[in-house]
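Participant: Input: one structure, supplied below.
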Amino acid sequence: MKYVSTRGNYQPVSAADAIRLGMVPTGGLFVPEKIPAFSKEELAKLVGKSYQDVAQQILAEFLTDYTMKELAEAVSLAYNEKSFGAQEIAPYVKLDEQSYVLELWHGPTAAFKDMALQLMPHLLVKAIEKVDLDKEVVILVATSGDTGKAALEGFKDVKGVRIIVFYPAGGVSKVQEEQMVTTTGTNTSVVAVEGNFDDCQSSVKEIFGDQEFKELLEQNDYQFSSANSINWGRLVPQIIYYFASYADLVADDQLELGEQINISVPTGNFGNILAAYYAYRMGLPVNKFICASNDNKVLTDFLKTGVYDSNRDFKKTISPSMDILISSNLERFLFELTDHDAAKIEKWYHDLEQNGKFKVGQAVQDKMQELFVGEYATEEETLTTIKQIYESKEYVVDTHTAVGIKAYQKYLSDYDDLTTTVIDSTASPYKFSQAVLEALQGELETEDEFEILNQLEELTGLEIHRGLKDLDRKEVRHDRGCQTGEIREQIKEILQLK
Ligand SMILES: *Cc1c(COP(=O)(O)O)cnc(C)c1O
């Protein structure tokens with residue numbers, strides 16, 4: 001299986017190369033040239049299988065240049081009881097007669113990024129081994145919170161890799177900061193940068209493009225790579241849980257084999273919902289995708305009107321991991337919808353760059369609306385949903401999950417659809433505990449984030465996620481700090497470049 005560029009500007013590459021390169025060097029994203037198909041018989045065979053077995057089977061379809069042994073190894077290193085706290089990797093919870101919440105946050109950092117970032121480092125290391133690079137790989141990450149910790153946990157102690165994470169000092173929550181600076185592992189470094197996230201991110205991007213610095217690294221037997229969310233290696237692991245959860249529902253007699261489901265996904269970069277779409281294209285029976293946004297509802301508007309317009313105010317919300325106005329992975333979706341029309345993609349993304357917006361034609365809009373519904377939840381609706389779900393179901397959800405639930409409720413009131421529905425839960429309620437506690441009990445008496453965790457536990461009886469427990473008592477292992485202009489110096493020091 002080869003991977004082609006959405007902009008038609010690069011030769012087809014192997015899966016290993018797509019993962020090693022991250023994005024197409026000439027601009028654009030790698031997508032599989034052909035989507036593998038699962039028959040109903042093959043789907044039936046997944047029923048009763050472990051998450052690891054399903055994972056291996058899905059990955060084998062896409063990563064054809066990896067051996068079964070390599071995939072089995074990567075899967076067992078990624079998805080195990082030690083990292084996910086239980087044998088079940090992605091359990092579901094029945095919300096009512098027709099809807100189920102798929103909990104994707106049992107990994108080490110309490111958010112769904114772990115589902116991909118626990119596996120991707122192993123795929124990357126094997127990709128690099130395949131081209132026989134004897135250099136150590138340096139992963140640079142600029143983070144506004146969640147991705148940094150998930151990447152640190154995924155890459156820590158992975159052989160042949162060093163990871164350096166930069167975060168804006170004072171720009172992440174106390175819990176997020178503690179999560180990062182207490183990370184163990186002999187190959188991890190964390191640096192607080194004086195500046196905001198954008199400064200942090202553009203400095204790191206600039207270093208990626210710095211030829212001289214690249215040469216200095218090479219002389220020291222290092223090379224850069226990225227764990228960016230547009231890497232195919234982060235998308236393919238997300239296809240797994242859609243098949244695994246479907247098979248679980250069938251095994252538990254909640255669903256008939258072949259029966260269609262709806263999938264509601266709280267969305268930012270369009271990655272998680274795109275993985276669901278790939279599962280559908282492979283043969284997973286899906287009726288409708290509900291694309292759930294917060295107040296930054298650029299995708300809701302796009303699905304309704306066919307106009308993608310990023311010219312609007314950026315809003316800081318209580319579901320911050322979805323505060324995004326440019327949804328990078330949408331490009332892959334449009335490439336699929338147009339049957340790989342790279343010229344169209346090139347034009348639309350040129351328009352986006354020039355004018356901050358583009359419009360797809362009627363045919364694409366129709367195709368999109370056949371399958372996708374866009375709904376959004378306001379801040380107030382998000383809070384009310386958390387309270388309503390807790391009071392009616394005794395179930396605590398985080399702000400992002402609440403957006404997914406609210407969007408589904410809005411869809412139901414418009415369409416009166418009885419199809420069984422899976423709603424993705426993308427974070428533990430403890431990851432965004434301040435907003436959750438506020439939703440449940442009104443104004444808070446404390447601003448201390450650790451105290452809030454305890455209060456939420458006391459109120460709900462739900463145990464604090466192990467990745468967030470006792471953070472204030474863990475040893476601080478990283479105390480580096482620098483100005484934005486000093487990021488290069490920090491890298492030199494950490495890697496002891498000569
Ligand atoms: C990253 C993230 C999302 C958005 O996922 P996309 O793949 O970007 O759509 C939603 N919820 C949480 C908690 C996240 O961390």
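Identifiers in the structure tokens: chain A, B, ... in order shown; residue index from 1 per chain; ligand index from 1 in order shown.
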Please, which residues have at least one atom within 7 Å of an atom of ligand 1, using only C-alpha atoms and all ligand atoms, listed as a list in words?
Facilitator: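 Counting only C-alpha atoms and all ligand atoms, the residues within 7 Å of ligand 1 come out as Ala111, Phe112, Lys113, Asp146, Pro266, Thr267, Gly268, Asn269, Phe270, Gly271, Asn272, Ile273, Ser321, Met322, His400, Thr426 and Ala427 of chain A.
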Participant: Give me the residues within 12 Å of A:Gln176 as JSON, numbers by chain, counting only C-alpha atoms and dropping any in the same chain fewer than 6 places off.
Facilitator: {"A": [109, 110, 111, 143, 144, 145, 146, 147, 148, 149, 150, 167, 168, 169, 170, 182, 183, 430, 431, 432, 433, 449, 450, 467, 468, 471, 472]}
Participant: For each of A:Arg281, A:His106, A:Lys469, A:Lys126, take the minimum atom-to-atom distance to A:Leu63, counting only C-alpha atoms, then give the residue where this is smallest.
Facilitator: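 Nearest candidate to A:Leu63 out of A:Arg281, A:His106, A:Lys469, A:Lys126: A:Lys126.
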Participant: Using only C-alpha atoms, can you tell me which of A:Ala363, A:Ala407, A:Ile386, A:Cys482 comes closest to A:Leu437?
Facilitator: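 Counting only C-alpha atoms, the residue closest to A:Leu437 is A:Ile386.
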Participant: Between atom CA of A:Glu447 and atom CA of A:Lys174, measure the distance and give it in Å to one decimal.
Facilitator: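 So the answer is 10.5 Å.
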Participant: Among stretch 276-320 of chain A, which residues does DSSP mark as strand (DSSP E) when it is run on the backbone? Keep the chain and numbering as in the structure and answer as a list in words.
Facilitator: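 Written out, the strand (DSSP E) residues of stretch 276-320 of chain A are Val286, Asn287, Lys288, Phe289, Ile290, Cys291, Ala292, Ser293, Val307, Tyr308 and Asp309 of chain A.
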Participant: Could you work out how far atom CA of A:Gln388 lies from atom CA of A:Phe84, giving the answer in Å with one decimal?
Facilitator: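 Value for the atom CA of A:Phe84-atom CA of A:Gln388 distance: 28.3 Å.
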Participant: For atom CA of A:Val75 and atom CA of A:Ile89, determine how far apart the two atoms are, in Å to one decimal place.
Facilitator: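 Computing it gives 11.7 Å between the two atoms.
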Participant: Quick one: everything within 12 Å of A:Asp198, counting only C-alpha atoms, minus sequence neighbours fewer than 2 positions away in the same chain. Send it as a list of chain:residue names.
Facilitator: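 With the cut-off at 12 Å, the set is A:Ala142, A:Thr143, A:Ser144, A:Phe166, A:Tyr167, A:Pro168, A:Gly171, A:Val193, A:Glu194, A:Gly195, A:Asn196, A:Cys200, A:Gln201, A:Ser202, A:Ser203, A:Val204, A:Lys205, A:Glu206, A:Thr484.
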Participant: Selection from above, all heavy atoms, as a compact mmCIF listing (two decimals), in the first residue's frame, can you write it?
Facilitator:
```txt
# COMPACT_ATOMS: atom_id res chain seq x y z
N ALA A 142 5.90 21.52 20.44
CA ALA A 142 5.42 22.73 21.11
C ALA A 142 3.99 22.41 21.51
O ALA A 142 3.21 21.92 20.70
CB ALA A 142 5.44 23.91 20.16
N THR A 143 3.64 22.64 22.77
CA THR A 143 2.33 22.20 23.23
C THR A 143 1.58 23.31 23.97
O THR A 143 2.18 24.14 24.63
CB THR A 143 2.46 20.98 24.17
OG1 THR A 143 1.16 20.53 24.54
CG2 THR A 143 3.23 21.33 25.43
N SER A 144 0.26 23.28 23.82
CA SER A 144 -0.55 24.19 24.62
C SER A 144 -1.17 23.41 25.78
O SER A 144 -2.02 23.91 26.49
CB SER A 144 -1.66 24.79 23.74
OG SER A 144 -2.44 23.77 23.19
N PHE A 166 8.34 21.85 24.56
CA PHE A 166 8.32 23.27 24.94
C PHE A 166 6.88 23.69 25.22
O PHE A 166 5.99 23.41 24.42
CB PHE A 166 8.89 24.13 23.81
CG PHE A 166 10.32 23.81 23.49
CD1 PHE A 166 10.63 22.88 22.50
CD2 PHE A 166 11.36 24.42 24.19
CE1 PHE A 166 11.95 22.57 22.21
CE2 PHE A 166 12.69 24.12 23.88
CZ PHE A 166 12.99 23.19 22.89
N TYR A 167 6.67 24.34 26.37
CA TYR A 167 5.32 24.84 26.65
C TYR A 167 5.40 26.29 27.12
O TYR A 167 6.43 26.71 27.68
CB TYR A 167 4.62 23.95 27.69
CG TYR A 167 5.15 24.05 29.10
CD1 TYR A 167 4.60 24.96 30.01
CD2 TYR A 167 6.21 23.26 29.52
CE1 TYR A 167 5.10 25.06 31.31
CE2 TYR A 167 6.70 23.34 30.81
CZ TYR A 167 6.14 24.25 31.70
OH TYR A 167 6.63 24.35 32.98
N PRO A 168 4.35 27.06 26.90
CA PRO A 168 4.36 28.46 27.33
C PRO A 168 4.25 28.55 28.85
O PRO A 168 3.29 28.04 29.43
CB PRO A 168 3.13 29.06 26.66
CG PRO A 168 2.24 27.90 26.36
CD PRO A 168 3.10 26.70 26.19
N GLY A 171 1.08 29.45 30.55
CA GLY A 171 0.05 29.33 29.51
C GLY A 171 -0.66 27.99 29.53
O GLY A 171 -1.49 27.71 28.67
N VAL A 193 8.78 28.03 28.27
CA VAL A 193 9.23 29.15 27.45
C VAL A 193 8.47 30.42 27.85
O VAL A 193 7.23 30.39 27.94
CB VAL A 193 9.00 28.85 25.95
CG1 VAL A 193 9.48 30.01 25.09
CG2 VAL A 193 9.69 27.57 25.55
N GLU A 194 9.19 31.52 28.08
CA GLU A 194 8.54 32.80 28.36
C GLU A 194 7.92 33.31 27.07
O GLU A 194 8.61 33.69 26.16
CB GLU A 194 9.54 33.83 28.88
CG GLU A 194 10.16 33.50 30.23
CD GLU A 194 9.14 33.41 31.35
OE1 GLU A 194 8.09 34.09 31.27
OE2 GLU A 194 9.36 32.62 32.29
N GLY A 195 6.61 33.29 26.99
CA GLY A 195 5.93 33.69 25.75
C GLY A 195 4.64 32.93 25.68
O GLY A 195 4.36 32.08 26.53
N ASN A 196 3.83 33.22 24.67
CA ASN A 196 2.57 32.48 24.57
C ASN A 196 2.76 31.26 23.65
O ASN A 196 3.84 31.02 23.11
CB ASN A 196 1.44 33.38 24.09
CG ASN A 196 1.70 33.95 22.70
OD1 ASN A 196 2.39 33.33 21.90
ND2 ASN A 196 1.16 35.12 22.44
N CYS A 200 5.87 30.04 20.96
CA CYS A 200 6.50 28.75 21.20
C CYS A 200 6.45 27.91 19.93
O CYS A 200 7.46 27.38 19.46
CB CYS A 200 5.67 28.08 22.29
SG CYS A 200 6.52 27.09 23.44
N GLN A 201 5.27 27.83 19.37
CA GLN A 201 5.05 27.00 18.18
C GLN A 201 5.81 27.54 16.97
O GLN A 201 6.45 26.78 16.25
CB GLN A 201 3.55 26.95 17.86
CG GLN A 201 3.24 26.32 16.53
CD GLN A 201 1.99 25.49 16.58
OE1 GLN A 201 1.97 24.42 17.18
NE2 GLN A 201 0.94 25.98 15.98
N SER A 202 5.79 28.86 16.77
CA SER A 202 6.49 29.36 15.57
C SER A 202 8.00 29.22 15.73
O SER A 202 8.69 28.95 14.73
CB SER A 202 6.08 30.78 15.20
OG SER A 202 5.73 31.53 16.31
N SER A 203 8.54 29.33 16.95
CA SER A 203 9.98 29.12 17.13
C SER A 203 10.36 27.69 16.79
O SER A 203 11.37 27.45 16.12
CB SER A 203 10.39 29.41 18.57
OG SER A 203 10.07 30.72 18.91
N VAL A 204 9.55 26.76 17.26
CA VAL A 204 9.86 25.35 16.98
C VAL A 204 9.76 25.06 15.49
O VAL A 204 10.61 24.38 14.90
CB VAL A 204 8.94 24.42 17.80
CG1 VAL A 204 9.06 22.98 17.32
CG2 VAL A 204 9.27 24.51 19.28
N LYS A 205 8.72 25.62 14.84
CA LYS A 205 8.56 25.43 13.40
C LYS A 205 9.76 25.98 12.64
O LYS A 205 10.23 25.39 11.68
CB LYS A 205 7.29 26.15 12.92
CG LYS A 205 6.07 25.24 12.92
CD LYS A 205 4.96 25.86 12.09
CE LYS A 205 3.70 25.01 12.15
NZ LYS A 205 2.48 25.80 12.03
N GLU A 206 10.23 27.13 13.09
CA GLU A 206 11.35 27.77 12.43
C GLU A 206 12.60 26.89 12.53
O GLU A 206 13.36 26.76 11.58
CB GLU A 206 11.58 29.13 13.11
CG GLU A 206 12.54 30.03 12.40
CD GLU A 206 12.99 31.13 13.35
OE1 GLU A 206 12.12 31.76 13.99
OE2 GLU A 206 14.21 31.33 13.46
N THR A 484 11.90 32.87 24.34
CA THR A 484 11.62 32.29 23.01
C THR A 484 12.86 32.26 22.13
O THR A 484 13.08 31.32 21.39
CB THR A 484 10.55 33.10 22.24
OG1 THR A 484 10.11 34.18 23.04
CG2 THR A 484 9.38 32.24 21.88
```
Participant: Residues at most 9 Å from A:Thr460, counting only C-alpha atoms, excluding those fewer than 6 positions away in the same chain, as a VMD selection string?
Facilitator: chain A and resid 390 394 to 396
Participant: Pick out the residues sitting within 6 Å of stretch 331-344 of chain A, and hand them over as a PyMOL selection string; count only C-alpha atoms, and ignore anything fewer than 6 positions along from it in its own chain.
Facilitator: chain A and resi 6-8
Participant: If DSSP is run on the backbone, what residues of stretch 232-411 of chain A are alpha helix (DSSP H)? A reply as an MDAnalysis selection string would be ideal.
Facilitator: chainID A and resid 232:251 271:282 298:305 330:337 342:355 362:371 379:393 399:411
Participant: Mind writing the picked residues with C-alpha atoms as a compact mmCIF listing (two decimals), in the first residue's frame?
Facilitator:
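Once everything was written out, this is again.txt:
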```
# COMPACT_ATOMS: atom_id res chain seq x y z
CA TRP A 232 -0.61 9.32 9.33
CA GLY A 233 0.96 7.40 12.22
CA ARG A 234 -1.33 9.27 14.58
CA LEU A 235 -4.45 8.79 12.51
CA VAL A 236 -4.31 5.08 11.76
CA PRO A 237 -4.38 3.98 15.44
CA GLN A 238 -7.66 5.85 15.82
CA ILE A 239 -9.43 3.66 13.27
CA ILE A 240 -8.93 0.70 15.59
CA TYR A 241 -11.34 1.70 18.35
CA TYR A 242 -14.26 2.19 16.00
CA PHE A 243 -14.01 -1.44 14.90
CA ALA A 244 -13.19 -2.68 18.41
CA SER A 245 -16.18 -0.92 19.98
CA TYR A 246 -18.54 -2.11 17.25
CA ALA A 247 -17.33 -5.69 17.80
CA ASP A 248 -17.75 -5.27 21.59
CA LEU A 249 -21.34 -4.06 21.17
CA VAL A 250 -22.14 -7.04 18.94
CA ALA A 251 -20.46 -9.45 21.36
CA GLY A 271 -8.70 13.85 13.16
CA ASN A 272 -10.83 11.63 15.34
CA ILE A 273 -13.91 11.92 13.15
CA LEU A 274 -11.83 11.35 10.02
CA ALA A 275 -10.61 8.06 11.52
CA ALA A 276 -14.28 7.10 11.97
CA TYR A 277 -14.91 7.96 8.32
CA TYR A 278 -12.04 5.71 7.24
CA ALA A 279 -13.56 2.92 9.34
CA TYR A 280 -16.84 3.48 7.49
CA ARG A 281 -15.13 3.39 4.12
CA MET A 282 -13.53 0.08 5.14
CA VAL A 298 -16.28 26.65 11.83
CA LEU A 299 -17.02 22.99 10.99
CA THR A 300 -20.72 23.21 11.88
CA ASP A 301 -21.07 26.13 9.47
CA PHE A 302 -19.02 24.37 6.81
CA LEU A 303 -21.19 21.25 6.91
CA LYS A 304 -24.34 23.37 6.65
CA THR A 305 -23.22 25.80 3.93
CA LEU A 330 -10.37 18.17 6.83
CA GLU A 331 -8.03 18.26 3.84
CA ARG A 332 -7.83 14.47 3.85
CA PHE A 333 -11.62 14.18 4.07
CA LEU A 334 -12.18 16.48 1.10
CA PHE A 335 -9.56 14.58 -0.89
CA GLU A 336 -11.54 11.37 -0.26
CA LEU A 337 -14.91 13.01 -1.04
CA ALA A 342 -5.69 16.98 -5.97
CA ALA A 343 -6.28 20.00 -8.23
CA LYS A 344 -9.45 20.90 -6.32
CA ILE A 345 -7.70 20.50 -2.96
CA GLU A 346 -4.81 22.63 -4.17
CA LYS A 347 -7.23 25.38 -5.19
CA TRP A 348 -9.30 25.32 -1.99
CA TYR A 349 -6.26 25.39 0.27
CA HIS A 350 -4.76 28.17 -1.80
CA ASP A 351 -8.00 30.12 -1.25
CA LEU A 352 -7.83 29.35 2.47
CA GLU A 353 -4.29 30.66 2.67
CA GLN A 354 -5.08 33.79 0.65
CA ASN A 355 -8.55 34.69 1.93
CA GLN A 362 -22.75 21.53 -4.74
CA ALA A 363 -21.80 17.93 -5.55
CA VAL A 364 -19.28 17.76 -2.70
CA GLN A 365 -21.70 19.49 -0.36
CA ASP A 366 -24.44 16.96 -1.15
CA LYS A 367 -22.09 14.03 -0.65
CA MET A 368 -20.93 15.44 2.66
CA GLN A 369 -24.44 16.13 3.93
CA GLU A 370 -25.62 12.62 3.10
CA LEU A 371 -23.33 11.33 5.82
CA GLU A 379 -20.61 27.13 26.80
CA GLU A 380 -23.87 27.24 28.72
CA GLU A 381 -25.19 24.12 26.96
CA THR A 382 -21.95 22.28 27.71
CA LEU A 383 -22.25 23.00 31.44
CA THR A 384 -25.95 22.12 31.52
CA THR A 385 -25.28 18.84 29.74
CA ILE A 386 -22.65 17.82 32.30
CA LYS A 387 -25.16 18.49 35.08
CA GLN A 388 -28.04 16.81 33.28
CA ILE A 389 -26.07 13.64 32.51
CA TYR A 390 -24.83 13.48 36.08
CA GLU A 391 -28.26 13.95 37.59
CA SER A 392 -30.10 11.60 35.27
CA LYS A 393 -27.45 8.89 34.78
CA THR A 399 -16.49 19.28 28.78
CA HIS A 400 -15.46 17.84 25.39
CA THR A 401 -17.58 14.75 25.86
CA ALA A 402 -20.48 16.97 26.91
CA VAL A 403 -20.19 18.79 23.58
CA GLY A 404 -20.47 15.42 21.80
CA ILE A 405 -23.54 14.48 23.85
CA LYS A 406 -25.25 17.83 23.35
CA ALA A 407 -24.64 17.74 19.62
CA TYR A 408 -26.22 14.29 19.51
CA GLN A 409 -29.25 15.53 21.51
CA LYS A 410 -29.68 18.41 19.07
CA TYR A 411 -29.42 15.99 16.16
```
Participant: Hey, which of A:Glu259, A:Glu129, A:Glu70, A:Glu136 ends up closest to A:Ser225? Count only C-alpha atoms.
Facilitator: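 Smallest separation from A:Ser225 among the options: A:Glu136.
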